[in-house]
Amino acid sequence: MSTGDTSHFDPLPERDGDAVLESMRPDTLAVRGGLTRSHFDETAEAIYATSGFVYSSAAEAEAAFAGDIDRYIYGRYGNPTVTMFEERLRLIEGAEACLATASGMAAVYAALASQLKVGDKVVASRALFGSCTVVINEILPRFGIESVLVDGGSLEQWADALDGGATVVFLETPSNPGLEIIDMKAVCDLAHAAGACVVVDNIFASPVLQSPLDFGADVIVYSATKHIDGQGRTLGGAVLGTSEFINSKVIPFTRHTGPSLSPFNAWVFVKGLETMRLRVLHSSASALMVAATLEGHGSLADVRYPGLSTHPQHDLAMSQMSAGGTVLTMTIDGGKKDSFEFLDALKLIDISNNLGDSKSLITHPATTTHRRVSPDLRAELGITDGMVRLSVGLEDPADIIDDLCQALAVLER
Ligand SMILES: *Cc1c(COP(=O)(O)O)cnc(C)c1O
C-alpha cells in the first residue's frame, strides 16, 4: 500500500557543497569532492561497513524498492563510502556519472558487456592489457560478439575495421607495456562516424595526466588498484560516462551481476585520491629522470618513455598527456637470460607485475603479464624477451637510478 507520498522518509543526504565544488580545481576536488558527513560530524570520510540498511516502516521499504525514494537498499546496489569514492572521482574526471567496481577488469567488463549483444561488433587496439585481450578476443565472441583488433597507431586500419559500423571501440593509451600512443581525437571521430561508443582504458595515464573526455571519448575505465590506491593495498575499478550511459546501461548490469566494490576498499581509494596528483606528478618526474639517464646506456638496446623526445610518438603523447607517466620500458641486450640476471641483481626495486605503487616495481612482461599473448603477437607489439617494464615509485630517483645502474653493471662482467 503505497500512497506515493514519500515526504516523511529520509532521502539520501543532500550534498549542498557539490554545486560549489563543480567550479573548483582538481586539487580541491581531490580532498573535498563527494564528502558526506554523518550526524557524528567526523572530519575524515567514514567507512560504512554494512551490507544492508534498515527501514523505519514496511511502507518505506516498499517505496525504496519501487524507486519512489532515493536511499540505500543493499550493499550490492550502493554504499555511502562507495558513493563518496564515485563522486570524488567523477568530479576530478569531470564526467557526468561514475560507477565503482571490485577491480579494474570488472570495470572493463561492465563497460563492454553492459552495452553489447549478440551480433554486435567491437573494434579494439591490439596493444592491450593481457586480460582485456582475453575479454575481447575470447569471452565476448562466445556471446556472439564479433571482435576486430587493429594496430592502434594506424588510422587506416581503424577506418577499415569501422567500415560498415561498430557498437564499441576500445583502446588503451599509453598501452601496457609497449607505451604505444593512440590519437584519441582521430579515432573518436572515426568511431562516432561509424556509430560506435568509445571506451578508453586510461589506467596508465591516470586522471592526473590525461582526460580522454576532452578528446571525444564516451566512457573511461580505471583500475583503482593502480595510481588511485597508489600504495599497493586494494583492488578496485570505476566506469565513468554520461548519466544516461551509467544509469541505463552500467547500473542495471552491475546490480544484478554483482561486481560491487567493498566499503573498505572504497575508503582506501577515497583517501588515495587525496594524494594521487602529488604522487603521480612526482613519480612521473622521476620516471623522466630515470629514462633520460639510462637512455644510451651500453647494456640497453632501447629505453622507451612517452616523455622522451626519442619516443616515436612523443609529440602525440605530449598533446594528450601533461607528462610522460610513471612507467617506462627498457630493452636489455641479450634477451631473456640477461633480463632475468638484471632483475635478480636489483637490490631496491622489487620484481612485481603490479604498477602505480609508491614502491618501484619491475617486471618481465613476456614471461608474466603477457605470457598468454602468442609469440607472434608479442613480436608485433614489441614485447621482446629483452623488454622489462619499470613502474617508478616515490623513492628518491637517485636511488632508483643507482640501483638500475649497479644491476646493469652486473651484466657487463
Ligand atoms: C591493471 C590493469 C587492468 C586491470 O585492473 P585490475 O584492477 O587488476 O583488475 C586493466 N587495464 C590496464 C591497462 C591495467 O594496467
# chains A, B, ... in the order shown; residues from 1 in each chain; ligands from 1
>>> residues_near_ligand(ligand="ligand 1", cutoff="6 Å", atoms="only C-alpha atoms and all ligand atoms", output="list of chain:residue names")
A:Ser103, A:Gly104, A:Met105, A:Phe129, A:Asn176, A:Ile203, A:Phe204, A:Ser223, A:Thr225, A:Leu235, A:Gly236, A:Gly237
>>> residues_around(residues="Val208 of chain A", least_positions_apart="5", cutoff="12 Å", atoms="only C-alpha atoms", output="ChimeraX atom specification")
/A:26-27,30,89,92-94,202-203,227-228,273-284,320-326
>>> closest_atom_pairs(of="segment 156-245 of chain A", to="segment 365-385 of chain A", cutoff="9 Å", atoms="only C-alpha atoms", output="CSV")
residue,atom,partner,partner_atom,distance
A:Pro177,CA,A:Pro365,CA,7.2
A:Gly178,CA,A:Gly382,CA,6.6
A:Glu180,CA,A:Leu381,CA,8.9
>>> atom_distance(atom1="atom CA of Ala194 of chain A", atom2="atom CA of Thr167 of chain A")
8.3 Å
>>> residues_around(residues="Leu346 of chain A", least_positions_apart="3", cutoff="12 Å", atoms="only C-alpha atoms", output="list of chain:residue names")
A:Ser339, A:Phe340, A:Glu341, A:Phe342, A:Leu343, A:Ile349, A:Asp350, A:Ile351, A:Ser360, A:Leu361, A:Ile362, A:Thr363, A:Leu390, A:Asp399, A:Ile400, A:Ile401, A:Asp402, A:Asp403, A:Leu404, A:Cys405, A:Gln406, A:Ala407, A:Leu408, A:Ala409, A:Val410, A:Leu411
>>> atom_distance(atom1="atom CA of Ile47 of chain A", atom2="atom CA of Pro80 of chain A")
8.1 Å
>>> select_by_dssp(residues="segment 66-303 of chain A", states="strand (DSSP E or B)", output="VMD selection string")
chain A and resid 74 97 to 101 121 to 125 146 to 150 168 to 172 197 to 201 219 to 223 237 to 241 300 to 303
>>> write_last_selection(atoms="N, CA and C atoms", output="short mmCIF file (atom, residue, chain, number, x, y, z; two decimals), in the first residue's frame")
data_model
loop_
_atom_site.label_atom_id
_atom_site.label_comp_id
_atom_site.auth_asym_id
_atom_site.auth_seq_id
_atom_site.Cartn_x
_atom_site.Cartn_y
_atom_site.Cartn_z
N TYR A 74 20.82 -1.90 -0.39
CA TYR A 74 21.60 -3.13 -0.22
C TYR A 74 23.00 -2.85 -0.76
N ALA A 97 28.77 10.92 -14.60
CA ALA A 97 28.44 9.85 -13.65
C ALA A 97 29.57 8.85 -13.54
N CYS A 98 29.59 8.13 -12.41
CA CYS A 98 30.66 7.17 -12.13
C CYS A 98 30.08 5.97 -11.38
N LEU A 99 30.54 4.81 -11.73
CA LEU A 99 30.13 3.58 -11.03
C LEU A 99 31.39 2.83 -10.65
N ALA A 100 31.56 2.55 -9.35
CA ALA A 100 32.75 1.84 -8.87
C ALA A 100 32.55 0.34 -8.96
N THR A 101 33.64 -0.37 -9.17
CA THR A 101 33.59 -1.83 -9.30
C THR A 101 34.69 -2.47 -8.44
N LYS A 121 29.56 -5.59 -32.89
CA LYS A 121 30.99 -5.66 -33.22
C LYS A 121 31.80 -4.71 -32.34
N VAL A 122 32.93 -5.21 -31.83
CA VAL A 122 33.87 -4.40 -31.06
C VAL A 122 35.14 -4.25 -31.87
N VAL A 123 35.62 -3.05 -31.99
CA VAL A 123 36.92 -2.82 -32.64
C VAL A 123 37.86 -2.30 -31.55
N ALA A 124 39.01 -2.96 -31.40
CA ALA A 124 39.93 -2.58 -30.32
C ALA A 124 41.36 -2.50 -30.83
N SER A 125 42.16 -1.72 -30.11
CA SER A 125 43.59 -1.69 -30.44
C SER A 125 44.21 -3.00 -29.96
N GLU A 146 31.30 -9.97 -32.39
CA GLU A 146 32.47 -10.01 -33.27
C GLU A 146 33.54 -9.07 -32.72
N SER A 147 34.80 -9.51 -32.73
CA SER A 147 35.85 -8.60 -32.30
C SER A 147 36.92 -8.48 -33.37
N VAL A 148 37.36 -7.26 -33.58
CA VAL A 148 38.39 -6.98 -34.58
C VAL A 148 39.49 -6.19 -33.88
N LEU A 149 40.73 -6.66 -34.01
CA LEU A 149 41.86 -5.94 -33.41
C LEU A 149 42.66 -5.22 -34.50
N VAL A 150 43.02 -3.99 -34.20
CA VAL A 150 43.78 -3.20 -35.18
C VAL A 150 45.07 -2.68 -34.55
N VAL A 168 31.12 -0.75 -30.34
CA VAL A 168 32.07 -0.24 -29.35
C VAL A 168 33.48 -0.19 -29.92
N VAL A 169 34.19 0.87 -29.58
CA VAL A 169 35.63 0.95 -29.83
C VAL A 169 36.30 0.93 -28.47
N PHE A 170 37.31 0.10 -28.31
CA PHE A 170 38.02 0.02 -27.02
C PHE A 170 39.50 0.25 -27.27
N LEU A 171 40.09 1.13 -26.49
CA LEU A 171 41.52 1.37 -26.67
C LEU A 171 42.19 1.75 -25.36
N GLU A 172 43.51 1.57 -25.36
CA GLU A 172 44.34 1.85 -24.19
C GLU A 172 45.49 2.73 -24.67
N CYS A 197 30.47 3.62 -29.64
CA CYS A 197 30.76 4.25 -28.35
C CYS A 197 32.24 3.97 -28.04
N VAL A 198 32.99 5.02 -27.71
CA VAL A 198 34.43 4.85 -27.47
C VAL A 198 34.71 4.68 -25.98
N VAL A 199 35.29 3.54 -25.64
CA VAL A 199 35.67 3.25 -24.25
C VAL A 199 37.20 3.32 -24.17
N VAL A 200 37.71 4.19 -23.29
CA VAL A 200 39.17 4.34 -23.14
C VAL A 200 39.62 3.80 -21.78
N ASP A 201 40.59 2.89 -21.82
CA ASP A 201 41.26 2.41 -20.62
C ASP A 201 42.36 3.45 -20.33
N VAL A 219 33.35 6.86 -22.73
CA VAL A 219 33.41 6.13 -21.47
C VAL A 219 34.88 5.97 -21.09
N ILE A 220 35.17 6.10 -19.79
CA ILE A 220 36.54 5.90 -19.30
C ILE A 220 36.51 4.80 -18.26
N VAL A 221 37.49 3.90 -18.31
CA VAL A 221 37.59 2.87 -17.28
C VAL A 221 38.92 2.99 -16.56
N TYR A 222 38.87 2.71 -15.25
CA TYR A 222 40.07 2.71 -14.41
C TYR A 222 40.19 1.42 -13.63
N SER A 223 41.43 1.04 -13.40
CA SER A 223 41.76 0.10 -12.34
C SER A 223 42.21 0.99 -11.20
N GLY A 237 37.94 -0.66 -9.19
CA GLY A 237 37.87 -0.05 -10.52
C GLY A 237 36.71 0.92 -10.61
N ALA A 238 36.59 1.56 -11.77
CA ALA A 238 35.50 2.51 -11.97
C ALA A 238 35.21 2.68 -13.44
N VAL A 239 33.92 2.93 -13.73
CA VAL A 239 33.47 3.27 -15.09
C VAL A 239 32.89 4.67 -15.02
N LEU A 240 33.31 5.56 -15.92
CA LEU A 240 32.77 6.92 -15.95
C LEU A 240 32.20 7.22 -17.33
N GLY A 241 31.10 7.97 -17.34
CA GLY A 241 30.48 8.32 -18.62
C GLY A 241 29.31 9.25 -18.39
N LEU A 300 71.80 -1.38 -22.81
CA LEU A 300 70.40 -1.26 -23.19
C LEU A 300 70.25 -0.99 -24.69
N ALA A 301 69.42 -1.83 -25.33
CA ALA A 301 69.17 -1.62 -26.76
C ALA A 301 68.17 -0.48 -26.95
N ASP A 302 67.32 -0.27 -25.92
CA ASP A 302 66.28 0.74 -26.09
C ASP A 302 65.75 1.17 -24.72
N VAL A 303 65.43 2.46 -24.60
CA VAL A 303 64.68 2.96 -23.45
C VAL A 303 63.48 3.67 -24.03
#
>>> select_by_dssp(residues="segment 112-309 of chain A", states="alpha helix (DSSP H)", output="PyMOL selection string")
chain A and resi 112-113+130-134+155-162+184-193+206-209+243-245+251-257+263-294
>>> residues_around(residues="Gly356 of chain A", least_positions_apart="6", cutoff="7 Å", atoms="only C-alpha atoms", output="JSON list (two decimals) with all heavy atoms, in the first residue's frame")
[["chain", "number", "residue", "atom", "x", "y", "z"],
["A", 226, "LYS", "N", 45.70, 0.67, -9.30],
["A", 226, "LYS", "CA", 46.97, 1.26, -9.71],
["A", 226, "LYS", "C", 47.15, 2.63, -9.03],
["A", 226, "LYS", "O", 47.28, 2.69, -7.84],
["A", 226, "LYS", "CB", 47.03, 1.35, -11.25],
["A", 226, "LYS", "CG", 46.63, 0.03, -11.94],
["A", 226, "LYS", "CD", 47.63, -1.09, -11.73],
["A", 226, "LYS", "CE", 47.12, -2.46, -12.14],
["A", 226, "LYS", "NZ", 46.67, -2.57, -13.51],
["A", 227, "HIS", "N", 47.11, 3.72, -9.79],
["A", 227, "HIS", "CA", 47.50, 5.01, -9.21],
["A", 227, "HIS", "C", 46.49, 5.58, -8.20],
["A", 227, "HIS", "O", 46.84, 6.43, -7.40],
["A", 227, "HIS", "CB", 47.73, 6.05, -10.30],
["A", 227, "HIS", "CG", 48.77, 5.64, -11.29],
["A", 227, "HIS", "ND1", 48.45, 4.96, -12.46],
["A", 227, "HIS", "CD2", 50.11, 5.78, -11.29],
["A", 227, "HIS", "CE1", 49.56, 4.72, -13.13],
["A", 227, "HIS", "NE2", 50.58, 5.21, -12.46],
["A", 230, "GLY", "N", 47.49, 3.57, -5.24],
["A", 230, "GLY", "CA", 48.84, 4.11, -5.32],
["A", 230, "GLY", "C", 49.80, 3.56, -4.28],
["A", 230, "GLY", "O", 50.98, 3.89, -4.30],
["A", 391, "SER", "N", 57.82, 0.41, -13.25],
["A", 391, "SER", "CA", 56.87, 1.37, -12.70],
["A", 391, "SER", "C", 57.62, 2.15, -11.63],
["A", 391, "SER", "O", 58.07, 1.58, -10.63],
["A", 391, "SER", "CB", 55.67, 0.61, -12.09],
["A", 391, "SER", "OG", 54.89, 1.50, -11.32]]
>>> residues_around(residues="Arg255 of chain A", least_positions_apart="4", cutoff="7 Å", atoms="only C-alpha atoms", output="count of residues only")
3
>>> closest_residue(among="A:Trp267, A:Phe245, A:Tyr72, A:Tyr305", to="Ala44 of chain A", atoms="only C-alpha atoms")
A:Trp267
>>> residues_around(residues="Ile145 of chain A", least_positions_apart="4", cutoff="6 Å", atoms="only C-alpha atoms", output="number ranges by chain")
A: 118-121, 140-141
>>> write_last_selection(atoms="N, CA, C and O atoms", output="PDB file, in the first residue's frame")
ATOM      1  N   VAL A 118      24.443  -9.988 -28.869  1.00  0.00           N
ATOM      2  CA  VAL A 118      24.773 -10.875 -29.983  1.00  0.00           C
ATOM      3  C   VAL A 118      24.641 -10.120 -31.318  1.00  0.00           C
ATOM      4  O   VAL A 118      23.713  -9.341 -31.506  1.00  0.00           O
ATOM      5  N   GLY A 119      25.634 -10.318 -32.172  1.00  0.00           N
ATOM      6  CA  GLY A 119      25.621  -9.673 -33.482  1.00  0.00           C
ATOM      7  C   GLY A 119      26.366  -8.349 -33.525  1.00  0.00           C
ATOM      8  O   GLY A 119      26.649  -7.818 -34.599  1.00  0.00           O
ATOM      9  N   ASP A 120      26.695  -7.791 -32.344  1.00  0.00           N
ATOM     10  CA  ASP A 120      27.415  -6.515 -32.311  1.00  0.00           C
ATOM     11  C   ASP A 120      28.897  -6.714 -32.617  1.00  0.00           C
ATOM     12  O   ASP A 120      29.408  -7.839 -32.585  1.00  0.00           O
ATOM     13  N   LYS A 121      29.564  -5.592 -32.892  1.00  0.00           N
ATOM     14  CA  LYS A 121      30.990  -5.656 -33.224  1.00  0.00           C
ATOM     15  C   LYS A 121      31.797  -4.708 -32.341  1.00  0.00           C
ATOM     16  O   LYS A 121      31.408  -3.564 -32.119  1.00  0.00           O
ATOM     17  N   LEU A 140      33.955 -12.308 -25.118  1.00  0.00           N
ATOM     18  CA  LEU A 140      32.837 -11.685 -25.838  1.00  0.00           C
ATOM     19  C   LEU A 140      32.416 -12.489 -27.075  1.00  0.00           C
ATOM     20  O   LEU A 140      31.210 -12.636 -27.324  1.00  0.00           O
ATOM     21  N   PRO A 141      33.366 -13.055 -27.853  1.00  0.00           N
ATOM     22  CA  PRO A 141      32.939 -13.845 -29.022  1.00  0.00           C
ATOM     23  C   PRO A 141      32.079 -15.063 -28.659  1.00  0.00           C
ATOM     24  O   PRO A 141      31.262 -15.506 -29.466  1.00  0.00           O
TER      25      PRO A 141
END
>>> atom_distance(atom1="atom CA of Glu156 of chain A", atom2="atom CA of Leu328 of chain A")
27.6 Å
>>> closest_residue(among="A:Thr257, A:Ser319, A:Ser243, A:Asn354", to="Tyr109 of chain A", atoms="only C-alpha atoms")
A:Thr257
>>> closest_residue(among="A:Asp396, A:Val31, A:Val250, A:Asn265", to="Met289 of chain A", atoms="only C-alpha atoms")
A:Asp396
>>> closest_residue(among="A:Ser248, A:Asn137, A:Thr254, A:Gln313", to="Gly153 of chain A", atoms="only C-alpha atoms")
A:Gln313
>>> closest_residue(among="A:Val268, A:Ile181, A:Ala63, A:Ala345", to="Pro306 of chain A", atoms="only C-alpha atoms")
A:Ile181
>>> decode(residues="segment 92-129 of chain A", atoms="N, CA and C atoms", output="compact mmCIF listing (two decimals), in the first residue's frame")
# COMPACT_ATOMS: atom_id res chain seq x y z
N ILE A 92 36.72 14.85 -10.19
CA ILE A 92 38.09 15.02 -10.69
C ILE A 92 38.13 14.82 -12.21
N GLU A 93 37.40 13.80 -12.68
CA GLU A 93 37.41 13.47 -14.12
C GLU A 93 36.55 14.46 -14.92
N GLY A 94 35.59 15.09 -14.27
CA GLY A 94 34.68 15.99 -14.98
C GLY A 94 33.65 15.22 -15.79
N ALA A 95 33.29 14.02 -15.32
CA ALA A 95 32.28 13.21 -16.01
C ALA A 95 30.92 13.41 -15.36
N GLU A 96 29.87 13.03 -16.07
CA GLU A 96 28.52 13.17 -15.50
C GLU A 96 28.23 12.14 -14.42
N ALA A 97 28.77 10.92 -14.60
CA ALA A 97 28.44 9.85 -13.65
C ALA A 97 29.57 8.85 -13.54
N CYS A 98 29.59 8.13 -12.41
CA CYS A 98 30.66 7.17 -12.13
C CYS A 98 30.08 5.97 -11.38
N LEU A 99 30.54 4.81 -11.73
CA LEU A 99 30.13 3.58 -11.03
C LEU A 99 31.39 2.83 -10.65
N ALA A 100 31.56 2.55 -9.35
CA ALA A 100 32.75 1.84 -8.87
C ALA A 100 32.55 0.34 -8.96
N THR A 101 33.64 -0.37 -9.17
CA THR A 101 33.59 -1.83 -9.30
C THR A 101 34.69 -2.47 -8.44
N ALA A 102 34.62 -3.80 -8.33
CA ALA A 102 35.53 -4.53 -7.45
C ALA A 102 36.95 -4.65 -7.97
N SER A 103 37.16 -4.42 -9.27
CA SER A 103 38.51 -4.46 -9.84
C SER A 103 38.49 -3.68 -11.15
N GLY A 104 39.67 -3.45 -11.69
CA GLY A 104 39.74 -2.79 -12.99
C GLY A 104 39.11 -3.64 -14.08
N MET A 105 39.33 -4.96 -14.02
CA MET A 105 38.74 -5.83 -15.05
C MET A 105 37.22 -5.87 -14.94
N ALA A 106 36.69 -5.77 -13.72
CA ALA A 106 35.22 -5.70 -13.58
C ALA A 106 34.70 -4.42 -14.24
N ALA A 107 35.47 -3.34 -14.16
CA ALA A 107 35.08 -2.09 -14.81
C ALA A 107 35.11 -2.24 -16.33
N VAL A 108 36.19 -2.85 -16.83
CA VAL A 108 36.31 -3.06 -18.29
C VAL A 108 35.14 -3.93 -18.77
N TYR A 109 34.91 -5.03 -18.05
CA TYR A 109 33.87 -5.96 -18.50
C TYR A 109 32.48 -5.32 -18.42
N ALA A 110 32.22 -4.57 -17.35
CA ALA A 110 30.91 -3.91 -17.22
C ALA A 110 30.72 -2.86 -18.31
N ALA A 111 31.77 -2.11 -18.61
CA ALA A 111 31.66 -1.06 -19.63
C ALA A 111 31.35 -1.68 -20.99
N LEU A 112 31.87 -2.87 -21.26
CA LEU A 112 31.65 -3.52 -22.55
C LEU A 112 30.36 -4.34 -22.55
N ALA A 113 30.25 -5.29 -21.60
CA ALA A 113 29.13 -6.24 -21.63
C ALA A 113 27.78 -5.56 -21.39
N SER A 114 27.78 -4.43 -20.68
CA SER A 114 26.50 -3.77 -20.39
C SER A 114 25.88 -3.16 -21.64
N GLN A 115 26.70 -2.97 -22.70
CA GLN A 115 26.13 -2.32 -23.88
C GLN A 115 26.20 -3.19 -25.13
N LEU A 116 26.71 -4.43 -25.02
CA LEU A 116 26.86 -5.27 -26.21
C LEU A 116 25.85 -6.42 -26.20
N LYS A 117 25.46 -6.84 -27.40
CA LYS A 117 24.58 -8.00 -27.51
C LYS A 117 24.99 -8.81 -28.74
N VAL A 118 24.44 -9.99 -28.87
CA VAL A 118 24.77 -10.87 -29.98
C VAL A 118 24.64 -10.12 -31.32
N GLY A 119 25.63 -10.32 -32.17
CA GLY A 119 25.62 -9.67 -33.48
C GLY A 119 26.37 -8.35 -33.52
N ASP A 120 26.70 -7.79 -32.34
CA ASP A 120 27.41 -6.51 -32.31
C ASP A 120 28.90 -6.71 -32.62
N LYS A 121 29.56 -5.59 -32.89
CA LYS A 121 30.99 -5.66 -33.22
C LYS A 121 31.80 -4.71 -32.34
N VAL A 122 32.93 -5.21 -31.83
CA VAL A 122 33.87 -4.40 -31.06
C VAL A 122 35.14 -4.25 -31.87
N VAL A 123 35.62 -3.05 -31.99
CA VAL A 123 36.92 -2.82 -32.64
C VAL A 123 37.86 -2.30 -31.55
N ALA A 124 39.01 -2.96 -31.40
CA ALA A 124 39.93 -2.58 -30.32
C ALA A 124 41.36 -2.50 -30.83
N SER A 125 42.16 -1.72 -30.11
CA SER A 125 43.59 -1.69 -30.44
C SER A 125 44.21 -3.00 -29.96
N ARG A 126 45.21 -3.46 -30.69
CA ARG A 126 45.83 -4.77 -30.40
C ARG A 126 46.68 -4.71 -29.12
N ALA A 127 47.30 -3.56 -28.87
CA ALA A 127 48.20 -3.42 -27.72
C ALA A 127 47.39 -3.15 -26.47
N LEU A 128 46.89 -4.23 -25.85
CA LEU A 128 46.03 -4.10 -24.67
C LEU A 128 46.64 -4.85 -23.50
N PHE A 129 46.19 -4.49 -22.30
CA PHE A 129 46.47 -5.25 -21.09
C PHE A 129 46.02 -6.70 -21.35
